[in-house]
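query-v6.cif follows; it contains mmCIF, C-alpha atoms and all ligand atoms.
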```
data_query
loop_
_atom_site.label_atom_id
_atom_site.label_comp_id
_atom_site.auth_asym_id
_atom_site.auth_seq_id
_atom_site.Cartn_x
_atom_site.Cartn_y
_atom_site.Cartn_z
CA MET A 1 120.35 51.25 141.08
CA SER A 2 123.33 51.73 143.39
CA LEU A 3 126.74 52.47 141.90
CA TYR A 4 127.93 49.06 143.07
CA ALA A 5 125.00 47.29 141.39
CA LEU A 6 125.47 49.34 138.20
CA LEU A 7 129.16 48.50 137.98
CA LYS A 8 128.49 44.80 138.61
CA SER A 9 125.48 44.51 136.28
CA LYS A 10 126.00 42.29 133.27
CA GLY A 11 123.86 41.59 130.23
CA PRO A 12 123.50 38.48 128.06
CA THR A 13 127.03 38.95 126.66
CA GLY A 14 128.47 38.54 130.15
CA PHE A 15 129.69 42.14 130.09
CA GLY A 16 128.01 45.31 131.24
CA TYR A 17 128.26 48.94 132.31
CA GLY A 18 131.43 48.49 134.33
CA SER A 19 133.35 46.37 131.81
CA THR A 20 136.44 47.96 130.31
CA ALA A 21 137.99 47.65 126.85
CA GLU A 22 140.62 45.45 128.48
CA ASP A 23 137.92 43.22 130.01
CA VAL A 24 136.01 42.66 126.75
CA THR A 25 139.20 41.77 124.86
CA ALA A 26 140.85 39.73 127.62
CA GLY A 27 142.41 36.53 126.32
CA LEU A 28 141.94 37.48 122.65
CA SER A 29 144.87 37.47 120.27
CA LEU A 30 144.34 40.02 117.52
CA VAL A 31 147.65 39.23 115.85
CA GLY A 32 147.14 39.35 112.08
CA LYS A 33 144.08 41.63 112.36
CA THR A 34 144.04 45.19 111.05
CA ILE A 35 141.64 47.70 112.60
CA LEU A 36 141.13 51.33 111.63
CA VAL A 37 140.06 53.74 114.39
CA THR A 38 139.15 57.38 113.68
CA GLY A 39 139.81 60.04 116.31
CA CYS A 40 142.75 58.08 117.71
CA ASN A 41 144.43 61.00 119.49
CA SER A 42 141.87 61.51 122.25
CA GLY A 43 139.34 59.91 124.57
CA LEU A 44 137.69 56.69 123.49
CA GLY A 45 139.58 56.47 120.19
CA PHE A 46 142.95 56.62 121.91
CA GLU A 47 141.93 54.01 124.49
CA SER A 48 140.51 51.71 121.81
CA MET A 49 143.72 52.03 119.78
CA ARG A 50 145.84 51.34 122.86
CA VAL A 51 143.92 48.23 123.93
CA LEU A 52 143.50 46.75 120.42
CA ALA A 53 147.22 47.25 119.73
CA ALA A 54 148.06 45.67 123.09
CA ARG A 55 146.09 42.58 121.98
CA GLY A 56 148.28 42.34 118.88
CA ALA A 57 146.22 44.11 116.20
CA HIS A 58 147.76 46.39 113.62
CA VAL A 59 145.84 49.58 114.36
CA ILE A 60 145.54 52.29 111.74
CA GLY A 61 144.79 55.34 113.85
CA THR A 62 143.52 58.47 112.17
CA ALA A 63 143.44 62.04 113.45
CA ARG A 64 142.83 65.47 111.93
CA THR A 65 146.52 65.71 111.02
CA GLU A 66 149.23 63.15 110.45
CA ALA A 67 151.30 64.79 113.20
CA LYS A 68 148.51 64.22 115.75
CA ALA A 69 147.97 60.64 114.60
CA ARG A 70 151.69 59.86 114.73
CA GLU A 71 152.08 61.46 118.13
CA ALA A 72 149.23 59.31 119.47
CA ALA A 73 150.73 56.24 117.78
CA THR A 74 154.08 56.78 119.50
CA LYS A 75 152.33 56.76 122.90
CA VAL A 76 150.96 53.29 122.16
CA GLY A 77 153.11 50.21 122.00
CA GLY A 78 152.69 47.65 119.25
CA LYS A 79 151.97 47.94 115.56
CA VAL A 80 150.28 51.29 114.94
CA THR A 81 150.12 53.39 111.79
CA GLY A 82 149.10 57.04 112.10
CA LEU A 83 147.27 58.69 109.20
CA ALA A 84 145.59 62.05 108.64
CA CYS A 85 141.82 62.10 108.19
CA GLU A 86 140.16 65.49 108.68
CA LEU A 87 136.51 64.45 108.47
CA ALA A 88 135.29 67.95 107.59
CA ASP A 89 137.56 68.01 104.53
CA PRO A 90 136.56 65.47 101.85
CA ALA A 91 139.99 65.80 100.18
CA SER A 92 141.65 64.71 103.43
CA VAL A 93 139.21 61.80 103.87
CA ARG A 94 139.81 60.65 100.29
CA ALA A 95 143.57 60.93 100.80
CA CYS A 96 143.17 58.73 103.89
CA VAL A 97 141.22 56.17 101.85
CA ALA A 98 144.01 56.21 99.25
CA ALA A 99 146.69 55.83 101.94
CA VAL A 100 144.87 52.80 103.41
CA GLN A 101 144.45 51.32 99.92
CA LYS A 102 148.20 51.78 99.44
CA LEU A 103 148.96 49.86 102.63
CA GLY A 104 147.37 46.94 100.80
CA VAL A 105 146.04 45.17 103.89
CA PRO A 106 142.49 43.90 104.42
CA LEU A 107 140.61 45.68 107.19
CA ASP A 108 139.05 43.43 109.81
CA ALA A 109 137.21 46.32 111.42
CA VAL A 110 136.61 50.03 110.98
CA ILE A 111 135.65 51.94 114.12
CA ALA A 112 134.14 55.31 113.11
CA ASN A 113 134.80 56.88 116.48
CA ALA A 114 135.70 60.54 115.90
CA GLY A 115 133.11 63.17 116.61
CA ILE A 116 132.22 66.66 117.77
CA MET A 117 129.36 67.59 120.07
CA ALA A 118 126.91 70.42 120.72
CA LEU A 119 128.67 73.32 119.07
CA PRO A 120 127.06 76.41 120.66
CA LYS A 121 126.78 78.32 117.37
CA LEU A 122 126.07 77.21 113.82
CA ASN A 123 129.24 76.18 112.01
CA GLN A 124 129.24 74.82 108.48
CA ALA A 125 131.43 72.89 106.07
CA PHE A 126 130.59 73.08 102.37
CA GLY A 127 127.26 74.65 103.33
CA TYR A 128 126.24 71.80 105.67
CA GLU A 129 125.90 71.98 109.45
CA LEU A 130 129.28 70.95 110.85
CA GLN A 131 128.26 68.13 113.23
CA PHE A 132 126.22 66.43 110.50
CA PHE A 133 129.09 66.92 108.06
CA THR A 134 131.87 65.76 110.40
CA ASN A 135 130.15 62.96 112.30
CA HIS A 136 128.11 61.57 109.40
CA ILE A 137 129.24 62.77 105.95
CA GLY A 138 132.97 62.51 106.72
CA HIS A 139 132.53 58.94 107.97
CA PHE A 140 130.20 58.16 105.05
CA ILE A 141 132.99 59.07 102.61
CA LEU A 142 135.57 57.14 104.62
CA VAL A 143 133.63 53.94 105.23
CA THR A 144 132.11 53.65 101.75
CA GLY A 145 135.56 54.39 100.31
CA LEU A 146 137.06 51.53 102.32
CA LEU A 147 134.41 48.87 101.64
CA ASP A 148 136.53 47.14 99.01
CA ARG A 149 139.28 46.77 101.64
CA LEU A 150 136.93 45.37 104.28
CA SER A 151 137.57 41.66 104.80
CA ASP A 152 134.83 39.12 104.04
CA ASP A 153 133.87 39.01 107.70
CA GLY A 154 134.85 42.62 108.43
CA ARG A 155 132.96 44.74 110.94
CA VAL A 156 131.98 48.40 110.77
CA VAL A 157 131.30 50.08 114.11
CA MET A 158 129.70 53.53 114.16
CA LEU A 159 129.90 55.63 117.32
CA SER A 160 126.41 56.91 117.93
CA SER A 161 125.08 58.15 121.28
CA ALA A 162 122.05 58.07 123.56
CA ALA A 163 121.92 61.70 122.45
CA HIS A 164 120.34 60.41 119.23
CA LEU A 165 117.16 60.78 121.30
CA MET A 166 117.61 64.55 120.90
CA ALA A 167 117.43 64.39 117.11
CA PRO A 168 114.55 66.35 115.53
CA LYS A 169 111.14 64.67 115.63
CA GLU A 170 111.43 63.80 111.93
CA GLY A 171 114.80 62.14 112.60
CA ILE A 172 116.76 63.96 109.91
CA GLN A 173 115.72 67.45 108.77
CA PHE A 174 116.50 66.94 105.10
CA ASP A 175 115.26 70.46 104.39
CA ASN A 176 117.63 71.99 106.96
CA LEU A 177 120.96 70.20 106.55
CA SER A 178 122.62 73.62 106.33
CA GLY A 179 121.27 74.52 109.78
CA GLU A 180 120.20 77.88 108.42
CA ARG A 181 116.48 77.24 108.97
CA GLY A 182 117.05 76.89 112.71
CA TYR A 183 119.97 75.67 114.79
CA LYS A 184 120.25 74.18 118.27
CA GLY A 185 123.56 72.59 119.20
CA TRP A 186 122.15 69.52 120.94
CA THR A 187 119.47 68.91 118.32
CA ALA A 188 122.13 69.06 115.61
CA TYR A 189 124.35 66.68 117.59
CA GLY A 190 121.35 64.35 118.06
CA GLN A 191 120.67 64.49 114.33
CA SER A 192 124.28 63.57 113.53
CA LYS A 193 124.12 60.66 115.98
CA ILE A 194 120.84 59.29 114.64
CA ALA A 195 122.52 59.59 111.22
CA ASN A 196 125.35 57.35 112.50
CA LEU A 197 122.72 54.82 113.62
CA LEU A 198 120.79 54.95 110.36
CA PHE A 199 124.01 54.59 108.37
CA ALA A 200 124.87 51.42 110.31
CA LYS A 201 121.34 50.13 109.71
CA GLU A 202 121.46 50.65 105.95
CA LEU A 203 125.02 49.33 105.68
CA ALA A 204 123.95 46.20 107.57
CA ARG A 205 121.09 45.77 105.09
CA ARG A 206 123.58 46.02 102.22
CA PHE A 207 125.78 43.41 103.96
CA ILE A 208 122.96 40.82 104.11
CA GLY A 209 124.15 37.63 102.45
CA SER A 210 127.74 38.23 103.53
CA LYS A 211 129.56 37.73 106.83
CA ARG A 212 130.24 41.44 107.15
CA THR A 213 128.49 43.35 109.93
CA ALA A 214 127.63 46.97 110.71
CA ASN A 215 126.50 48.18 114.11
CA ALA A 216 126.13 51.39 116.10
CA VAL A 217 127.26 52.00 119.66
CA HIS A 218 126.43 54.29 122.60
CA PRO A 219 129.61 54.26 124.68
CA GLY A 220 128.12 55.69 127.89
CA VAL A 221 128.81 59.12 129.37
CA ILE A 222 132.51 59.74 129.83
CA ASN A 223 134.47 62.88 130.71
CA THR A 224 136.58 63.28 127.57
CA ASN A 225 137.51 66.27 125.41
CA LEU A 226 134.13 65.85 123.69
CA GLY A 227 132.56 68.18 126.25
CA ARG A 228 134.87 71.03 125.34
CA HIS A 229 131.87 73.25 124.56
CA MET A 230 129.90 72.31 127.70
CA SER A 231 130.26 71.82 131.45
CA ILE A 232 129.95 68.20 132.56
CA PRO A 233 126.81 68.82 134.69
CA ALA A 234 125.23 70.40 131.62
CA ILE A 235 126.10 67.36 129.51
CA ILE A 236 124.73 64.99 132.15
CA GLY A 237 121.57 67.05 132.50
CA LYS A 238 121.04 66.97 128.75
CA ILE A 239 121.67 63.27 128.35
CA GLY A 240 119.16 62.60 131.11
CA TYR A 241 121.32 61.36 133.96
CA GLY A 242 120.43 62.60 137.44
CA ILE A 243 122.88 64.79 139.33
CA ALA A 244 123.87 61.88 141.58
CA ASP A 245 124.86 59.94 138.50
CA ALA A 246 127.51 62.57 137.77
CA LEU A 247 129.57 60.50 140.17
CA PHE A 248 128.91 57.43 138.04
CA LEU A 249 130.45 58.65 134.79
CA LYS A 250 132.24 55.86 133.04
CA THR A 251 136.00 55.82 132.94
CA VAL A 252 137.59 56.08 129.50
CA GLY A 253 138.36 52.34 129.71
CA GLN A 254 134.70 51.56 130.37
CA GLY A 255 133.61 53.98 127.63
CA ALA A 256 135.86 52.34 125.02
CA SER A 257 134.62 48.85 125.87
CA THR A 258 131.48 48.64 123.72
CA GLU A 259 133.18 49.76 120.50
CA CYS A 260 136.00 47.27 121.13
CA TYR A 261 133.57 44.45 122.00
CA VAL A 262 131.53 44.96 118.84
CA ALA A 263 134.67 45.32 116.70
CA VAL A 264 136.56 42.22 117.82
CA ASN A 265 134.81 39.93 120.29
CA PRO A 266 134.04 36.61 118.55
CA ALA A 267 130.61 36.51 120.22
CA ALA A 268 129.57 39.62 118.28
CA ALA A 269 130.68 38.28 114.89
CA THR A 270 127.21 37.53 113.57
CA VAL A 271 125.28 40.43 115.09
CA SER A 272 124.52 43.16 112.57
CA GLY A 273 122.27 46.20 112.24
CA GLN A 274 122.02 46.65 115.99
CA TYR A 275 122.44 49.47 118.48
CA TRP A 276 124.64 48.60 121.44
CA ALA A 277 125.12 50.11 124.89
CA ASP A 278 127.07 48.77 127.86
CA ASN A 279 128.36 45.87 125.72
CA ASN A 280 124.90 44.53 124.94
CA VAL A 281 122.27 45.03 122.28
CA ALA A 282 119.99 47.92 123.23
CA LYS A 283 116.93 49.62 121.81
CA PRO A 284 117.24 53.01 120.08
CA ARG A 285 114.28 55.28 119.41
CA PRO A 286 111.94 53.69 116.86
CA ASP A 287 112.74 55.86 113.82
CA ALA A 288 116.45 55.06 114.21
CA GLU A 289 115.47 51.60 112.97
CA ASP A 290 113.26 52.80 110.12
CA PRO A 291 114.62 51.17 106.93
CA ALA A 292 112.98 53.79 104.71
CA LEU A 293 114.61 56.65 106.63
CA ALA A 294 117.95 54.82 106.57
CA ALA A 295 117.69 54.30 102.81
CA LYS A 296 116.74 57.94 102.25
CA LEU A 297 119.69 59.18 104.31
CA TRP A 298 122.04 56.98 102.28
CA GLU A 299 120.64 58.31 99.01
CA VAL A 300 120.84 61.95 100.17
CA SER A 301 124.38 61.40 101.50
CA GLU A 302 125.50 59.98 98.15
CA LYS A 303 124.12 63.09 96.42
CA ILE A 304 125.83 65.39 98.93
CA VAL A 305 129.15 63.60 98.45
CA ALA A 306 128.81 63.66 94.66
CA GLY A 307 128.24 67.41 94.88
CA LEU A 308 131.48 67.91 96.80
CA ALA A 309 133.72 66.58 94.07
N1 LIG B 1 132.26 60.99 125.80
C1 LIG B 1 130.97 60.70 125.85
O1 LIG B 1 130.33 60.82 126.91
C2 LIG B 1 130.24 60.19 124.63
C3 LIG B 1 128.88 59.84 124.76
C4 LIG B 1 128.20 59.38 123.64
C5 LIG B 1 128.86 59.26 122.42
N2 LIG B 1 130.17 59.61 122.32
C6 LIG B 1 130.82 59.50 121.02
O2 LIG B 1 132.06 58.86 121.17
C7 LIG B 1 132.97 59.30 120.16
C8 LIG B 1 134.31 59.61 120.77
O3 LIG B 1 134.17 60.72 121.61
P1 LIG B 1 135.18 61.05 122.82
O4 LIG B 1 134.33 61.15 124.02
O5 LIG B 1 136.34 60.16 122.82
O6 LIG B 1 135.59 62.55 122.40
P2 LIG B 1 137.01 63.27 122.22
O7 LIG B 1 137.92 62.93 123.34
O8 LIG B 1 136.68 64.70 121.98
O9 LIG B 1 137.56 62.60 120.90
C9 LIG B 1 136.97 62.89 119.66
C10 LIG B 1 137.96 62.60 118.58
O10 LIG B 1 137.37 62.99 117.33
C11 LIG B 1 138.30 63.81 116.63
N3 LIG B 1 137.66 64.73 115.72
C12 LIG B 1 136.82 65.75 116.01
N4 LIG B 1 136.52 66.43 114.88
C13 LIG B 1 137.19 65.82 113.86
C14 LIG B 1 137.31 66.07 112.48
N5 LIG B 1 136.70 67.10 111.89
N6 LIG B 1 138.08 65.24 111.75
C15 LIG B 1 138.72 64.20 112.32
N7 LIG B 1 138.67 63.93 113.62
C16 LIG B 1 137.91 64.74 114.40
C17 LIG B 1 139.03 64.56 117.74
O11 LIG B 1 140.20 65.17 117.23
P3 LIG B 1 140.81 66.50 117.95
O12 LIG B 1 141.30 66.05 119.27
O13 LIG B 1 141.89 66.91 117.01
O14 LIG B 1 139.70 67.49 118.03
C18 LIG B 1 139.26 63.41 118.70
O15 LIG B 1 140.33 62.63 118.28
C19 LIG B 1 132.28 60.47 119.46
O16 LIG B 1 131.76 60.05 118.22
C20 LIG B 1 131.15 60.84 120.40
O17 LIG B 1 130.04 61.42 119.72
C21 LIG B 1 130.88 60.05 123.40
#
```
Representation of the structure as structure tokens:
Amino acid sequence: MSLYALLKSKGPTGFGYGSTAEDVTAGLSLVGKTILVTGCNSGLGFESMRVLAARGAHVIGTARTEAKAREAATKVGGKVTGLACELADPASVRACVAAVQKLGVPLDAVIANAGIMALPKLNQAFGYELQFFTNHIGHFILVTGLLDRLSDDGRVVMLSSAAHLMAPKEGIQFDNLSGERGYKGWTAYGQSKIANLLFAKELARRFIGSKRTANAVHPGVINTNLGRHMSIPAIIGKIGYGIADALFLKTVGQGASTECYVAVNPAAATVSGQYWADNNVAKPRPDAEDPALAAKLWEVSEKIVAGLA
């Protein structure tokens, strides 16, 4: 497909690859809505916070430190609250949950956006491989801790990735969550991203019978700080884009669109348990939709979190 055709392509939602966060929220008033975005100081999180605040939402933006969150908040006009949430530190995540509880506002959406990618060497937190711990366990503590604040029709959006295709063949290596029985940076990233997908799947199952939704998103391939451990051609090569497509990387505005669409567009209000890419429902690899695997990950995650107390 030519670049022009790619940018102009649209799916059933009326949006597509080239749509930006501003496009998918155009004409919406989010006044009176409160939306929490993790990783608000950089890349897609910052852009999502900026656009959602511009549409009138109260955005609770979290970053590793309060200083970073507040600095990001000051760069964005509108109603923005900056909070600390270091996902690799359960005490910080729990303090964030408590701070949100204290604000006393219902959450209309939680966008679990923060993440780290393809660390070249094994790093751990509390004995667990760091990408699994940060991208999945940190968000597991945060989102489950905030469920009683989620409004009756609230939406949870998990940032996954097409890189979930690089997860181990068994999906999650439950016998190697430490990474000590073998570590490859991309495989571990893939595992953390299939975990984000499976978490959304199981949460959606738990939401059945309510108007709440949970979905997972692949934002596209965007040159953000995420690639700090890799060169961009290496990232593109890994994610399966041809060299020519290096020219077709999404802008940050295009990359932030799908998470914003799923979080606030009225047309997405009743869609749950899905994987989205380019602002439309997409198909992940089959085991990312396996309810038994999703349930097992939830159960194991609960045990991990209980053991961190
Ligand atoms: N960019 C892409 O091509 C792409 C493709 C597929 C999926 N994604 C996903 O999209 C999401 C956003 O990525 P991005 O491209 O915007 O990357 P980014 O610019 O690197 O932003 C990532 C954000 O996550 C935060 N973060 C990292 N580790 C954290 C921790 N331990 N605790 C709390 N926050 C932490 C970062 O904070 P610091 O700045 O303080 O490190 C930053 O705010 C990620 O989940 C990523 O996996 C991105």
With 8 Å as the cut-off and all atoms listed in the file counted, what is the closest atom pair between each nearby residue of chain A and ligand LIG 1 (chain B)? Distances in Å to one decimal, ordered by chain and number, as a tab-separated table.
```
residue	atom	partner	partner_atom	distance
A:Thr38	CA	B:LIG1	N7	6.6
A:Gly39	CA	B:LIG1	O15	3.3
A:Cys40	CA	B:LIG1	O15	5.2
A:Asn41	CA	B:LIG1	O15	4.6
A:Ser42	CA	B:LIG1	O7	4.3
A:Gly43	CA	B:LIG1	O5	3.5
A:Leu44	CA	B:LIG1	O5	3.8
A:Gly45	CA	B:LIG1	O5	5.6
A:Phe46	CA	B:LIG1	O15	7.5
A:Thr62	CA	B:LIG1	N7	7.4
A:Ala63	CA	B:LIG1	N7	5.1
A:Arg64	CA	B:LIG1	C15	4.3
A:Thr65	CA	B:LIG1	O13	7.7
A:Lys68	CA	B:LIG1	O13	7.3
A:Cys85	CA	B:LIG1	C15	5.6
A:Glu86	CA	B:LIG1	N6	3.7
A:Leu87	CA	B:LIG1	N6	3.7
A:Ala88	CA	B:LIG1	N5	4.6
A:Asp89	CA	B:LIG1	N5	7.5
A:Ala112	CA	B:LIG1	O16	7.4
A:Asn113	CA	B:LIG1	O16	4.7
A:Ala114	CA	B:LIG1	O10	3.3
A:Gly115	CA	B:LIG1	O16	3.8
A:Ile116	CA	B:LIG1	C12	5.0
A:Met117	CA	B:LIG1	O17	6.2
A:Thr134	CA	B:LIG1	N5	5.2
A:Asn135	CA	B:LIG1	O16	6.8
A:Gly138	CA	B:LIG1	N6	7.7
A:Met158	CA	B:LIG1	O16	8.0
A:Leu159	CA	B:LIG1	O16	4.9
A:Ser160	CA	B:LIG1	C5	5.6
A:Ser161	CA	B:LIG1	C4	4.1
A:Ala162	CA	B:LIG1	C4	6.3
A:Ala163	CA	B:LIG1	C4	6.8
A:Lys193	CA	B:LIG1	O17	7.0
A:Val217	CA	B:LIG1	C5	7.9
A:His218	CA	B:LIG1	C4	5.5
A:Pro219	CA	B:LIG1	C4	5.4
A:Gly220	CA	B:LIG1	C3	5.3
A:Val221	CA	B:LIG1	O1	3.4
A:Ile222	CA	B:LIG1	O1	3.8
A:Asn223	CA	B:LIG1	N1	5.7
A:Thr224	CA	B:LIG1	O7	4.5
A:Asn225	CA	B:LIG1	O8	3.9
A:Leu226	CA	B:LIG1	O8	3.3
A:Gly227	CA	B:LIG1	O8	6.9
A:Arg228	CA	B:LIG1	O8	7.4
A:Val252	CA	B:LIG1	O5	7.9
A:Gly255	CA	B:LIG1	N1	7.4
```
Please enclose the listed atoms of stretch 108-121 of chain A in an axis-aligned box, pad each side by 4 Å, and write out the centre and the three edge lengths in Å, rounded to one decimal, as JSON.
```
{"center_x": 132.9, "center_y": 60.9, "center_z": 115.3, "size_x": 20.3, "size_y": 42.9, "size_z": 18.9}
```
Task: Computed interatomic separation between atom CA of A:Ala204 and atom CA of A:Gly253 (Å) - done: 27.1 Å
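Once all atoms listed in the file are considered, the residues situated within 12 Å of the file point (144.7, 58.2, 102.1) turn out to be A:Ile60, A:Thr62, A:Thr65, A:Glu66, A:Gly82, A:Leu83, A:Ala84, A:Cys85, A:Glu86, A:Pro90, A:Ala91, A:Ser92, A:Val93, A:Arg94, A:Ala95, A:Cys96, A:Val97, A:Ala98, A:Ala99, A:Val100, A:Gln101, A:Lys102, A:Leu103, A:Gly104, A:Ile141, A:Leu142, A:Gly145, A:Leu146.
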Task: Point-to-point distance in Å for atom CA of A:Ala53 and atom CA of A:Leu30 - done: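 Atom-to-atom, atom CA of A:Leu30 to atom CA of A:Ala53, that is 8.1 Å.
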Task: Selection near A:Glu302, 12 Å with all atoms listed in the file, sequence-local residues under 2 positions removed, as a list of chain:residue names - done: A:His136, A:Ile137, A:Gly138, A:Phe140, A:Ile141, A:Thr144, A:Gly145, A:Phe199, A:Ala295, A:Lys296, A:Leu297, A:Trp298, A:Glu299, A:Val300, A:Ile304, A:Val305, A:Ala306, A:Gly307, A:Leu308, A:Ala309
Task: Exercise: stretch 267-281 of chain A partners within 8 Å, all atoms listed in the file, chain neighbours under 5 positions left out, as number ranges by chain - done: A: 11-13, 15-19, 153, 155, 197, 200-205, 211, 213-220, 257-258, 261-262
